[in-house]
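Student: Can you read through this structure? Questions will come right after.
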Amino acid sequence: MSVPQKVNLLGFSREHMEAFFLDMGEKKFRAQQVMKWIHHHQADHFDQMTDVGKALRQKLTEVAEIRGPKVLHEGISRDGTRKWVFEADGGGAVETVFIPDGRRGTLCVSSQVGCAVDCGFCSTGKQGFQRDLTSAEIIGQVWQAGRAFGPRRNLGEHPITNVVMMGMGEPLLNYGEVLTAMRIMKDDLGYGIGKKRITLSTSGVVPKIDQLSQDLDVALAVSLHAPNDELRNELVPLNRKYPLAELMAACKRYSDNITHRHNTITMEYVMLRDVNDKPEHARQLVKLLNGIPVKVNLIPFNPFPHAGYERSRKKDILEFHKFLNDHGLLTTVRTTRGDDIDAACGQLVGTVQDRTRRAERWKKSVFHRTEQADGNAASV
Ligand code: SAH
Ligand code: SF4
């Protein structure tokens, strides 16, 4: 006889949790108690929930569990960046990165094991798609990172002040689970993170950008990387399905729909040497983004073995940066963080690498990794 699987309450939003307790014949306020224990006090067992009666705790233990993703590996960079590799149920692994920056602490969260979009400059894309993460596995990354920092006394004290859905995977291709997890991030019973401090980054799944603008108020980042369709088709293959004109129109609708005043969309642009970093690209970009409230974030390409691309020269990044700023586009250059532990953008592959051998290979590679384009540095 097979043992019925327990439900994992970690990935339940407030609505799910209330429905769960009502179904059990319990009062709705139990949902609030249990959510606080899980997300504020990082409880992983019902016996820790001292304001829940013993009989109900017993009942919960029989049917439910609080199960975060298992930590396979944890690394801390010399710049304070932390990285966790988590085991995904049923095989594979995902990575989560914490980037401290003064009083701000940003957690970069994964949404899928691998990614189907297959951008050639991205190591996650090169892995191919394995599967979607569940809401428990997505919020579980925030929960586990929180546990690594120890118990918190109140919401304001949490070291994780911002979340970016910029880890492995395309979040808008795992829409429902990502939405539930982001609801828990925003909820006061969850992590109480403000709408401007949660950013979803997408390669441009147009219909889901529209749906998101109806469902949840969060900040949007778009991985643009090219100012014309020909080049973008090559760099971000999803562009063949949703070309730039459609994507730009969706961005405009999104910023029109956002209720808060900060309706700016971040345009991410990875700087690839001699591919998309020429003055003509900067000129085209200014034209393309005209009329949309955006800020541009230039990301110096982070190399990985067999990538086939190189990071733009520092001089080209600075000229590109200056041209955009001089033409009215607020532009920053992202500082590369955590690359000594393979935690930088595009280096997330979800495996525990042999770091010594890998570092050796990198030293021999053609890339000058120590060069940082510092311009107006902005981390994430
Ligand atoms: N799939 C989503 C979110 C994850 S990727 C998206 O593409 O937006 C997060 C960001 O890292 C994206 O802007 C992506 O283009 C960028 N990125 C991927 N590989 C990179 C690399 N090797 N160097 C620098 N940035 C990279
Ligand atoms: Fe997927 Fe984003 Fe990587 Fe492209 S850049 S392959 S969309 S994770």
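Note on naming: chains are A, B, ... as they come in the structure tokens, residues start from 1 per chain, ligands start from 1 in the order shown.
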I'd like to know which residues of segment 79-152 of chain A are helix (DSSP H, G or I) (by DSSP, run on the backbone); could you write them as a ChimeraX atom specification?

Tutor: /A:123-127,135-148

Student: Please write the residues from the selection above to a file, keeping all heavy atoms, as a compact mmCIF listing (two decimals), in the first residue's frame.

Tutor:
# COMPACT_ATOMS: atom_id res chain seq x y z
N SER A 123 24.95 30.29 -19.71
CA SER A 123 25.29 28.90 -19.40
C SER A 123 24.06 28.09 -19.00
O SER A 123 24.00 26.89 -19.25
CB SER A 123 26.38 28.83 -18.33
OG SER A 123 25.95 29.46 -17.17
N THR A 124 23.06 28.75 -18.41
CA THR A 124 21.81 28.03 -18.09
C THR A 124 21.14 27.57 -19.38
O THR A 124 20.67 26.44 -19.50
CB THR A 124 20.83 28.94 -17.31
OG1 THR A 124 21.48 29.48 -16.17
CG2 THR A 124 19.60 28.18 -16.88
N GLY A 125 21.11 28.48 -20.37
CA GLY A 125 20.49 28.16 -21.65
C GLY A 125 21.18 26.99 -22.34
O GLY A 125 20.54 26.13 -22.95
N LYS A 126 22.50 26.95 -22.19
CA LYS A 126 23.25 25.87 -22.85
C LYS A 126 22.94 24.50 -22.27
O LYS A 126 23.20 23.47 -22.90
CB LYS A 126 24.76 26.16 -22.73
CG LYS A 126 25.17 27.36 -23.56
CD LYS A 126 26.44 27.09 -24.33
CE LYS A 126 26.57 28.11 -25.44
NZ LYS A 126 27.78 27.99 -26.20
N GLN A 127 22.41 24.50 -21.05
CA GLN A 127 22.04 23.22 -20.39
C GLN A 127 20.80 22.59 -20.98
O GLN A 127 20.51 21.44 -20.74
CB GLN A 127 21.63 23.52 -18.95
CG GLN A 127 22.66 23.46 -17.95
CD GLN A 127 22.03 23.60 -16.56
OE1 GLN A 127 20.89 24.00 -16.39
NE2 GLN A 127 22.78 23.24 -15.59
N SER A 135 6.18 26.18 -6.63
CA SER A 135 6.22 27.40 -5.79
C SER A 135 6.99 27.13 -4.51
O SER A 135 7.69 28.01 -4.00
CB SER A 135 4.81 27.90 -5.49
OG SER A 135 4.09 26.91 -4.78
N ALA A 136 6.91 25.89 -3.96
CA ALA A 136 7.65 25.57 -2.73
C ALA A 136 9.16 25.62 -2.99
O ALA A 136 9.94 26.07 -2.15
CB ALA A 136 7.27 24.18 -2.24
N GLU A 137 9.58 25.20 -4.17
CA GLU A 137 11.02 25.23 -4.48
C GLU A 137 11.49 26.66 -4.75
O GLU A 137 12.66 26.98 -4.52
CB GLU A 137 11.32 24.35 -5.70
CG GLU A 137 11.19 22.86 -5.39
CD GLU A 137 11.30 22.01 -6.64
OE1 GLU A 137 10.67 22.36 -7.67
OE2 GLU A 137 11.98 20.98 -6.60
N ILE A 138 10.59 27.49 -5.26
CA ILE A 138 10.99 28.89 -5.55
C ILE A 138 11.05 29.69 -4.25
O ILE A 138 12.08 30.27 -3.91
CB ILE A 138 10.02 29.53 -6.58
CG1 ILE A 138 10.05 28.74 -7.89
CG2 ILE A 138 10.40 30.99 -6.82
CD1 ILE A 138 8.93 29.07 -8.85
N ILE A 139 9.95 29.67 -3.46
CA ILE A 139 9.98 30.42 -2.20
C ILE A 139 10.95 29.74 -1.23
O ILE A 139 11.53 30.39 -0.35
CB ILE A 139 8.56 30.58 -1.60
CG1 ILE A 139 8.52 31.76 -0.62
CG2 ILE A 139 8.06 29.32 -0.91
CD1 ILE A 139 8.69 33.10 -1.22
N GLY A 140 11.15 28.45 -1.41
CA GLY A 140 12.08 27.69 -0.56
C GLY A 140 13.50 28.23 -0.65
O GLY A 140 14.28 28.10 0.29
N GLN A 141 13.85 28.86 -1.78
CA GLN A 141 15.18 29.46 -1.90
C GLN A 141 15.30 30.67 -0.96
O GLN A 141 16.34 30.88 -0.34
CB GLN A 141 15.44 29.88 -3.35
CG GLN A 141 15.43 28.71 -4.33
CD GLN A 141 15.39 29.20 -5.77
OE1 GLN A 141 16.23 29.97 -6.22
NE2 GLN A 141 14.39 28.75 -6.52
N VAL A 142 14.21 31.44 -0.86
CA VAL A 142 14.20 32.60 0.05
C VAL A 142 14.23 32.10 1.49
O VAL A 142 14.95 32.63 2.35
CB VAL A 142 12.94 33.48 -0.20
CG1 VAL A 142 13.01 34.76 0.63
CG2 VAL A 142 12.77 33.80 -1.67
N TRP A 143 13.45 31.08 1.73
CA TRP A 143 13.34 30.49 3.09
C TRP A 143 14.69 29.94 3.54
O TRP A 143 15.15 30.23 4.65
CB TRP A 143 12.26 29.40 3.02
CG TRP A 143 11.90 28.70 4.28
CD1 TRP A 143 11.07 29.17 5.27
CD2 TRP A 143 12.27 27.37 4.68
NE1 TRP A 143 10.92 28.23 6.24
CE2 TRP A 143 11.64 27.11 5.91
CE3 TRP A 143 13.07 26.38 4.10
CZ2 TRP A 143 11.80 25.90 6.58
CZ3 TRP A 143 13.22 25.18 4.77
CH2 TRP A 143 12.59 24.95 5.99
N GLN A 144 15.33 29.19 2.69
CA GLN A 144 16.62 28.59 3.06
C GLN A 144 17.70 29.66 3.22
O GLN A 144 18.51 29.58 4.14
CB GLN A 144 17.11 27.59 2.00
CG GLN A 144 16.41 26.25 1.98
CD GLN A 144 16.78 25.36 3.17
OE1 GLN A 144 17.13 25.83 4.23
NE2 GLN A 144 16.69 24.06 2.98
N ALA A 145 17.71 30.65 2.35
CA ALA A 145 18.70 31.73 2.48
C ALA A 145 18.46 32.45 3.79
O ALA A 145 19.40 32.75 4.54
CB ALA A 145 18.60 32.69 1.30
N GLY A 146 17.19 32.69 4.12
CA GLY A 146 16.84 33.33 5.39
C GLY A 146 17.35 32.52 6.57
O GLY A 146 17.89 33.06 7.53
N ARG A 147 17.19 31.21 6.49
CA ARG A 147 17.67 30.34 7.58
C ARG A 147 19.18 30.44 7.75
O ARG A 147 19.70 30.39 8.86
CB ARG A 147 17.28 28.88 7.30
CG ARG A 147 15.82 28.59 7.63
CD ARG A 147 15.35 27.33 6.96
NE ARG A 147 15.85 26.11 7.58
CZ ARG A 147 15.21 25.42 8.54
NH1 ARG A 147 14.08 25.86 9.02
NH2 ARG A 147 15.72 24.32 9.02
N ALA A 148 19.87 30.62 6.63
CA ALA A 148 21.34 30.72 6.71
C ALA A 148 21.76 31.97 7.48
O ALA A 148 22.85 32.03 8.03
CB ALA A 148 21.93 30.73 5.30

Student: Under the rule of at most 6 Å, produce a per-residue listing of chain A near ligand 1: chain, number, name, the closest pair of atoms, and the distance in Å, as a tab-separated table, using only C-alpha atoms and all ligand atoms.

Tutor:
residue	atom	partner	partner_atom_place_in_ligand_line	distance
A:Phe121	CA	ligand 1	22 (N)	5.1
A:Cys122	CA	ligand 1	19 (N)	3.5
A:Met166	CA	ligand 1	4 (C)	3.9
A:Gly167	CA	ligand 1	4 (C)	4.9
A:Met168	CA	ligand 1	4 (C)	5.4
A:Gly169	CA	ligand 1	1 (N)	4.9
A:Glu170	CA	ligand 1	1 (N)	3.6
A:Ser201	CA	ligand 1	8 (O)	4.2
A:Thr202	CA	ligand 1	8 (O)	3.7
A:Ser203	CA	ligand 1	7 (O)	4.3
A:Val222	CA	ligand 1	8 (O)	5.9
A:Ser223	CA	ligand 1	13 (O)	4.4
A:Glu268	CA	ligand 1	13 (O)	5.2
A:Val270	CA	ligand 1	25 (N)	5.4
A:Ile299	CA	ligand 1	24 (C)	5.6
A:Pro300	CA	ligand 1	24 (C)	5.9
A:Phe301	CA	ligand 1	23 (N)	3.7
A:Asn302	CA	ligand 1	23 (N)	3.7
A:Pro303	CA	ligand 1	22 (N)	5.5
A:Cys345	CA	ligand 1	25 (N)	4.5
A:Gly346	CA	ligand 1	19 (N)	3.0
A:Gln347	CA	ligand 1	22 (N)	5.9

Student: Between A:Leu200, A:Ile258, A:Leu9, A:Leu318, which has the minimum distance to ligand 2 (counting only C-alpha atoms and all ligand atoms)?

Tutor: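 That would be A:Leu200, the residue with the smallest distance to ligand 2.
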
Student: Skipping near chain neighbours, those fewer than 6 positions away, what residues fall within 12 Å of Gln211 of chain A using only C-alpha atoms, listed as number ranges by chain?

Tutor: A: 172, 175-176, 179, 205, 217, 250, 253-254, 257

Student: Check segment 111-341 of chain A with DSSP on the backbone and list each residue it calls strand (DSSP E), as a compact mmCIF listing (two decimals) with all heavy atoms, in the first residue's frame.

Tutor:
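Contents of states_19.txt, as written:
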# COMPACT_ATOMS: atom_id res chain seq x y z
N GLN A 112 13.44 27.78 -12.89
CA GLN A 112 13.38 26.51 -13.62
C GLN A 112 14.73 25.78 -13.50
O GLN A 112 15.75 26.42 -13.24
CB GLN A 112 13.13 26.76 -15.12
CG GLN A 112 11.81 27.43 -15.43
CD GLN A 112 11.62 27.65 -16.92
OE1 GLN A 112 12.51 28.13 -17.60
NE2 GLN A 112 10.44 27.30 -17.42
N VAL A 113 14.70 24.48 -13.72
CA VAL A 113 15.96 23.74 -13.84
C VAL A 113 16.31 23.80 -15.32
O VAL A 113 15.60 23.25 -16.17
CB VAL A 113 15.81 22.27 -13.39
CG1 VAL A 113 17.19 21.59 -13.36
CG2 VAL A 113 15.14 22.17 -12.03
N GLY A 114 17.39 24.54 -15.65
CA GLY A 114 17.71 24.78 -17.06
C GLY A 114 16.78 25.83 -17.64
O GLY A 114 16.04 26.50 -16.92
N PHE A 129 16.41 22.69 -21.22
CA PHE A 129 15.37 22.76 -20.19
C PHE A 129 15.17 21.41 -19.54
O PHE A 129 15.09 20.39 -20.22
CB PHE A 129 14.06 23.22 -20.85
CG PHE A 129 12.86 23.17 -19.92
CD1 PHE A 129 12.73 24.09 -18.90
CD2 PHE A 129 11.88 22.20 -20.09
CE1 PHE A 129 11.63 24.04 -18.03
CE2 PHE A 129 10.79 22.15 -19.24
CZ PHE A 129 10.66 23.07 -18.21
N GLN A 130 15.12 21.40 -18.21
CA GLN A 130 14.81 20.13 -17.54
C GLN A 130 13.41 20.13 -16.95
O GLN A 130 12.60 19.30 -17.29
CB GLN A 130 15.87 19.82 -16.49
CG GLN A 130 17.22 19.51 -17.15
CD GLN A 130 18.30 19.32 -16.12
OE1 GLN A 130 18.15 18.55 -15.20
NE2 GLN A 130 19.39 20.03 -16.27
N ARG A 131 13.12 21.09 -16.08
CA ARG A 131 11.74 21.17 -15.59
C ARG A 131 11.47 22.47 -14.84
O ARG A 131 12.39 23.19 -14.47
CB ARG A 131 11.40 19.98 -14.71
CG ARG A 131 12.04 20.00 -13.37
CD ARG A 131 11.43 18.88 -12.50
NE ARG A 131 12.01 18.91 -11.19
CZ ARG A 131 11.61 19.69 -10.20
NH1 ARG A 131 10.61 20.55 -10.37
NH2 ARG A 131 12.21 19.65 -9.02
N ASP A 132 10.16 22.72 -14.63
CA ASP A 132 9.74 23.89 -13.86
C ASP A 132 9.92 23.62 -12.38
O ASP A 132 9.69 22.49 -11.92
CB ASP A 132 8.25 24.16 -14.11
CG ASP A 132 7.98 24.72 -15.48
OD1 ASP A 132 8.86 25.42 -16.02
OD2 ASP A 132 6.88 24.47 -16.01
N ASN A 162 15.64 42.75 -1.13
CA ASN A 162 15.19 42.74 -2.52
C ASN A 162 15.27 41.33 -3.09
O ASN A 162 16.17 40.57 -2.72
CB ASN A 162 16.10 43.62 -3.39
CG ASN A 162 16.05 45.08 -3.01
OD1 ASN A 162 16.25 45.45 -1.86
ND2 ASN A 162 15.77 45.92 -3.98
N VAL A 163 14.35 41.03 -3.99
CA VAL A 163 14.45 39.75 -4.70
C VAL A 163 14.41 40.02 -6.20
O VAL A 163 13.62 40.85 -6.67
CB VAL A 163 13.29 38.79 -4.33
CG1 VAL A 163 13.31 37.55 -5.22
CG2 VAL A 163 13.38 38.36 -2.87
N VAL A 164 15.30 39.37 -6.93
CA VAL A 164 15.22 39.45 -8.39
C VAL A 164 15.03 38.03 -8.95
O VAL A 164 15.75 37.12 -8.57
CB VAL A 164 16.49 40.12 -9.01
CG1 VAL A 164 16.53 41.61 -8.67
CG2 VAL A 164 17.78 39.47 -8.54
N MET A 165 14.03 37.89 -9.80
CA MET A 165 13.83 36.59 -10.45
C MET A 165 14.75 36.58 -11.67
O MET A 165 14.32 36.76 -12.80
CB MET A 165 12.35 36.41 -10.87
CG MET A 165 11.34 36.36 -9.74
SD MET A 165 11.60 35.03 -8.54
CE MET A 165 11.69 33.58 -9.55
N ILE A 198 10.80 43.80 -5.72
CA ILE A 198 10.76 42.47 -6.35
C ILE A 198 10.81 42.71 -7.85
O ILE A 198 9.96 43.43 -8.40
CB ILE A 198 9.47 41.71 -5.98
CG1 ILE A 198 9.39 41.50 -4.47
CG2 ILE A 198 9.39 40.37 -6.72
CD1 ILE A 198 8.10 40.86 -3.99
N THR A 199 11.78 42.15 -8.51
CA THR A 199 11.93 42.37 -9.96
C THR A 199 11.89 41.03 -10.68
O THR A 199 12.59 40.10 -10.31
CB THR A 199 13.28 43.06 -10.27
OG1 THR A 199 13.34 44.28 -9.53
CG2 THR A 199 13.42 43.36 -11.75
N LEU A 200 11.05 40.98 -11.70
CA LEU A 200 11.02 39.78 -12.55
C LEU A 200 11.74 40.12 -13.84
O LEU A 200 11.44 41.13 -14.48
CB LEU A 200 9.58 39.36 -12.81
CG LEU A 200 9.44 38.10 -13.67
CD1 LEU A 200 8.32 37.20 -13.14
CD2 LEU A 200 9.20 38.44 -15.13
N SER A 201 12.68 39.27 -14.20
CA SER A 201 13.43 39.49 -15.45
C SER A 201 12.98 38.47 -16.49
O SER A 201 12.91 37.27 -16.22
CB SER A 201 14.92 39.33 -15.17
OG SER A 201 15.65 39.40 -16.38
N THR A 202 12.66 38.97 -17.68
CA THR A 202 12.20 38.07 -18.74
C THR A 202 12.92 38.32 -20.05
O THR A 202 13.32 39.45 -20.36
CB THR A 202 10.68 38.20 -18.97
OG1 THR A 202 10.30 37.30 -20.03
CG2 THR A 202 10.27 39.62 -19.35
N ALA A 219 8.27 44.99 -10.17
CA ALA A 219 9.09 45.67 -11.18
C ALA A 219 9.47 44.68 -12.28
O ALA A 219 9.62 43.48 -12.03
CB ALA A 219 10.33 46.23 -10.51
N LEU A 220 9.60 45.22 -13.49
CA LEU A 220 9.90 44.36 -14.64
C LEU A 220 11.28 44.71 -15.22
O LEU A 220 11.63 45.88 -15.34
CB LEU A 220 8.84 44.56 -15.73
CG LEU A 220 8.94 43.66 -16.95
CD1 LEU A 220 8.61 42.21 -16.61
CD2 LEU A 220 8.00 44.14 -18.07
N ALA A 221 12.03 43.67 -15.54
CA ALA A 221 13.28 43.85 -16.27
C ALA A 221 13.19 43.01 -17.54
O ALA A 221 12.64 41.90 -17.51
CB ALA A 221 14.47 43.40 -15.43
N VAL A 222 13.66 43.56 -18.64
CA VAL A 222 13.59 42.83 -19.91
C VAL A 222 15.00 42.62 -20.44
O VAL A 222 15.80 43.56 -20.50
CB VAL A 222 12.72 43.62 -20.93
CG1 VAL A 222 12.81 43.00 -22.32
CG2 VAL A 222 11.26 43.64 -20.46
N SER A 223 15.30 41.39 -20.79
CA SER A 223 16.62 41.07 -21.33
C SER A 223 16.61 41.38 -22.82
O SER A 223 16.21 40.56 -23.64
CB SER A 223 16.92 39.58 -21.10
OG SER A 223 17.08 39.36 -19.74
N ILE A 265 10.91 50.50 -16.56
CA ILE A 265 11.31 49.12 -16.87
C ILE A 265 12.82 49.10 -17.06
O ILE A 265 13.38 49.98 -17.72
CB ILE A 265 10.58 48.63 -18.13
CG1 ILE A 265 9.07 48.55 -17.85
CG2 ILE A 265 11.11 47.27 -18.59
CD1 ILE A 265 8.23 48.16 -19.03
N THR A 266 13.46 48.10 -16.48
CA THR A 266 14.91 47.98 -16.66
C THR A 266 15.18 47.17 -17.93
O THR A 266 14.63 46.09 -18.10
CB THR A 266 15.54 47.26 -15.45
OG1 THR A 266 15.20 47.99 -14.28
CG2 THR A 266 17.06 47.19 -15.59
N MET A 267 15.99 47.73 -18.82
CA MET A 267 16.38 47.00 -20.01
C MET A 267 17.79 46.46 -19.80
O MET A 267 18.74 47.24 -19.63
CB MET A 267 16.37 47.92 -21.24
CG MET A 267 14.98 48.40 -21.62
SD MET A 267 14.02 47.02 -22.30
CE MET A 267 12.37 47.74 -22.30
N GLU A 268 17.91 45.14 -19.77
CA GLU A 268 19.22 44.54 -19.56
C GLU A 268 19.90 44.33 -20.93
O GLU A 268 19.24 43.92 -21.89
CB GLU A 268 19.08 43.20 -18.83
CG GLU A 268 18.52 43.37 -17.43
CD GLU A 268 17.96 42.07 -16.91
OE1 GLU A 268 16.85 41.69 -17.29
OE2 GLU A 268 18.65 41.42 -16.13
N TYR A 269 21.18 44.62 -20.95
CA TYR A 269 21.90 44.54 -22.23
C TYR A 269 23.29 43.98 -21.95
O TYR A 269 24.15 44.65 -21.38
CB TYR A 269 21.97 45.96 -22.82
CG TYR A 269 22.33 46.03 -24.29
CD1 TYR A 269 21.34 46.18 -25.25
CD2 TYR A 269 23.66 45.97 -24.70
CE1 TYR A 269 21.67 46.26 -26.61
CE2 TYR A 269 23.99 46.05 -26.05
CZ TYR A 269 22.99 46.20 -26.99
OH TYR A 269 23.32 46.29 -28.33
N VAL A 270 23.48 42.71 -22.28
CA VAL A 270 24.77 42.06 -22.02
C VAL A 270 25.77 42.55 -23.08
O VAL A 270 25.45 42.61 -24.27
CB VAL A 270 24.61 40.51 -22.02
CG1 VAL A 270 24.17 39.98 -23.35
CG2 VAL A 270 25.88 39.82 -21.58
N MET A 271 26.94 42.96 -22.65
CA MET A 271 27.91 43.55 -23.58
C MET A 271 28.83 42.48 -24.14
O MET A 271 29.72 41.95 -23.45
CB MET A 271 28.74 44.63 -22.85
CG MET A 271 27.93 45.81 -22.33
SD MET A 271 27.14 46.79 -23.62
CE MET A 271 28.50 47.58 -24.43
N VAL A 294 12.29 53.82 -19.38
CA VAL A 294 13.23 52.72 -19.12
C VAL A 294 14.49 53.25 -18.45
O VAL A 294 14.82 54.43 -18.53
CB VAL A 294 13.69 52.01 -20.42
CG1 VAL A 294 12.55 51.30 -21.09
CG2 VAL A 294 14.39 52.96 -21.37
N LYS A 295 15.18 52.33 -17.80
CA LYS A 295 16.59 52.58 -17.51
C LYS A 295 17.34 51.39 -18.09
O LYS A 295 16.78 50.28 -18.18
CB LYS A 295 16.85 52.79 -16.03
CG LYS A 295 16.53 51.65 -15.14
CD LYS A 295 16.93 51.99 -13.71
CE LYS A 295 16.85 50.76 -12.86
NZ LYS A 295 15.95 50.78 -11.77
N VAL A 296 18.54 51.64 -18.52
CA VAL A 296 19.30 50.58 -19.20
C VAL A 296 20.40 50.10 -18.26
O VAL A 296 21.07 50.91 -17.61
CB VAL A 296 19.91 51.11 -20.52
CG1 VAL A 296 20.72 50.00 -21.21
CG2 VAL A 296 18.82 51.62 -21.46
N ASN A 297 20.52 48.80 -18.14
CA ASN A 297 21.57 48.21 -17.33
C ASN A 297 22.50 47.41 -18.24
O ASN A 297 22.09 46.38 -18.80
CB ASN A 297 20.91 47.32 -16.26
CG ASN A 297 21.84 46.94 -15.13
OD1 ASN A 297 21.60 46.00 -14.41
ND2 ASN A 297 22.92 47.68 -14.95
N LEU A 298 23.70 47.93 -18.42
CA LEU A 298 24.68 47.22 -19.26
C LEU A 298 25.37 46.17 -18.40
O LEU A 298 25.87 46.47 -17.31
CB LEU A 298 25.70 48.21 -19.82
CG LEU A 298 25.12 49.37 -20.65
CD1 LEU A 298 26.24 50.33 -21.07
CD2 LEU A 298 24.39 48.84 -21.89
N ILE A 299 25.37 44.93 -18.88
CA ILE A 299 25.99 43.83 -18.11
C ILE A 299 27.21 43.33 -18.88
O ILE A 299 27.06 42.69 -19.92
CB ILE A 299 25.01 42.63 -17.95
CG1 ILE A 299 23.60 43.09 -17.59
CG2 ILE A 299 25.55 41.62 -16.95
CD1 ILE A 299 22.56 41.96 -17.60
N PRO A 300 28.42 43.63 -18.37
CA PRO A 300 29.60 43.06 -19.04
C PRO A 300 29.45 41.53 -19.04
O PRO A 300 29.17 40.94 -18.00
CB PRO A 300 30.76 43.52 -18.16
CG PRO A 300 30.23 44.69 -17.39
CD PRO A 300 28.77 44.43 -17.20
N THR A 331 21.46 55.19 -17.75
CA THR A 331 22.17 53.92 -17.99
C THR A 331 23.19 53.65 -16.89
O THR A 331 23.91 54.55 -16.47
CB THR A 331 22.89 53.98 -19.36
OG1 THR A 331 21.94 54.33 -20.36
CG2 THR A 331 23.51 52.65 -19.72
N THR A 332 23.21 52.41 -16.43
CA THR A 332 24.22 52.01 -15.45
C THR A 332 24.98 50.80 -16.00
O THR A 332 24.49 50.11 -16.89
CB THR A 332 23.57 51.60 -14.11
OG1 THR A 332 22.55 50.64 -14.38
CG2 THR A 332 22.96 52.78 -13.38
N VAL A 333 26.16 50.57 -15.44
CA VAL A 333 26.92 49.38 -15.80
C VAL A 333 26.93 48.47 -14.58
O VAL A 333 27.28 48.91 -13.48
CB VAL A 333 28.37 49.71 -16.21
CG1 VAL A 333 29.12 48.44 -16.60
CG2 VAL A 333 28.39 50.72 -17.35

Student: With distances taken over only C-alpha atoms and all ligand atoms, which residue among A:His225, A:Arg103, A:Lys241, A:Lys27 lies nearest ligand 2?

Tutor: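 For ligand 2, the nearest of the candidates is A:His225.
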
Student: Can you check which parts of segment 123-227 of chain A lie within 9 Å of segment 14-19 of chain A? Per residue, the shortest pair of atoms and distance in Å to one decimal, counting only C-alpha atoms, sorted by chain and number, as a Markdown table.

Tutor:
| residue | atom | partner | partner_atom | distance |
| --- | --- | --- | --- | --- |
| A:Arg183 | CA | A:Arg14 | CA | 8.4 |
| A:Ile184 | CA | A:Arg14 | CA | 7.4 |
| A:Asp187 | CA | A:Arg14 | CA | 7.9 |
| A:Leu189 | CA | A:Arg14 | CA | 7.7 |
| A:Gly190 | CA | A:Arg14 | CA | 8.5 |

Student: Please dump the current selection as a CSV table (one decimal), in the first residue's frame; keep N, CA and C atoms.

Tutor:
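For reference, out-v8.csv as written:
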chain,number,residue,atom,x,y,z
A,183,ARG,N,3.8,36.2,-4.7
A,183,ARG,CA,2.8,36.6,-3.8
A,183,ARG,C,3.2,36.4,-2.3
A,184,ILE,N,3.9,35.3,-2.1
A,184,ILE,CA,4.4,35.0,-0.7
A,184,ILE,C,5.5,36.0,-0.3
A,187,ASP,N,3.7,39.3,0.6
A,187,ASP,CA,2.7,39.2,1.7
A,187,ASP,C,3.4,39.5,3.0
A,189,LEU,N,2.5,38.2,5.7
A,189,LEU,CA,2.7,36.9,6.4
A,189,LEU,C,3.8,36.1,5.8
A,190,GLY,N,4.3,36.6,4.7
A,190,GLY,CA,5.5,35.9,4.1
A,190,GLY,C,6.7,36.8,4.4

Student: Would you mind listing what lies within 9 Å of segment 33-36 of chain A as a list of chain:residue names, with only C-alpha atoms counted and same-chain residues fewer than 2 positions away left out?

Tutor: A:Leu9, A:Leu10, A:Phe12, A:Ser13, A:Arg14, A:Met17, A:Phe29, A:Arg30, A:Ala31, A:Ile38, A:His39, A:His40, A:His41, A:Gln42, A:Ala43, A:Phe46, A:Met49, A:Asp51, A:Val52, A:Asp188, A:Leu189, A:Gly190

Student: Any idea what the distance is between atom CA of Thr50 of chain A and atom CA of Met24 of chain A?

Tutor: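 Spanning atom CA of Thr50 of chain A to atom CA of Met24 of chain A is a straight-line distance of 19.5 Å.
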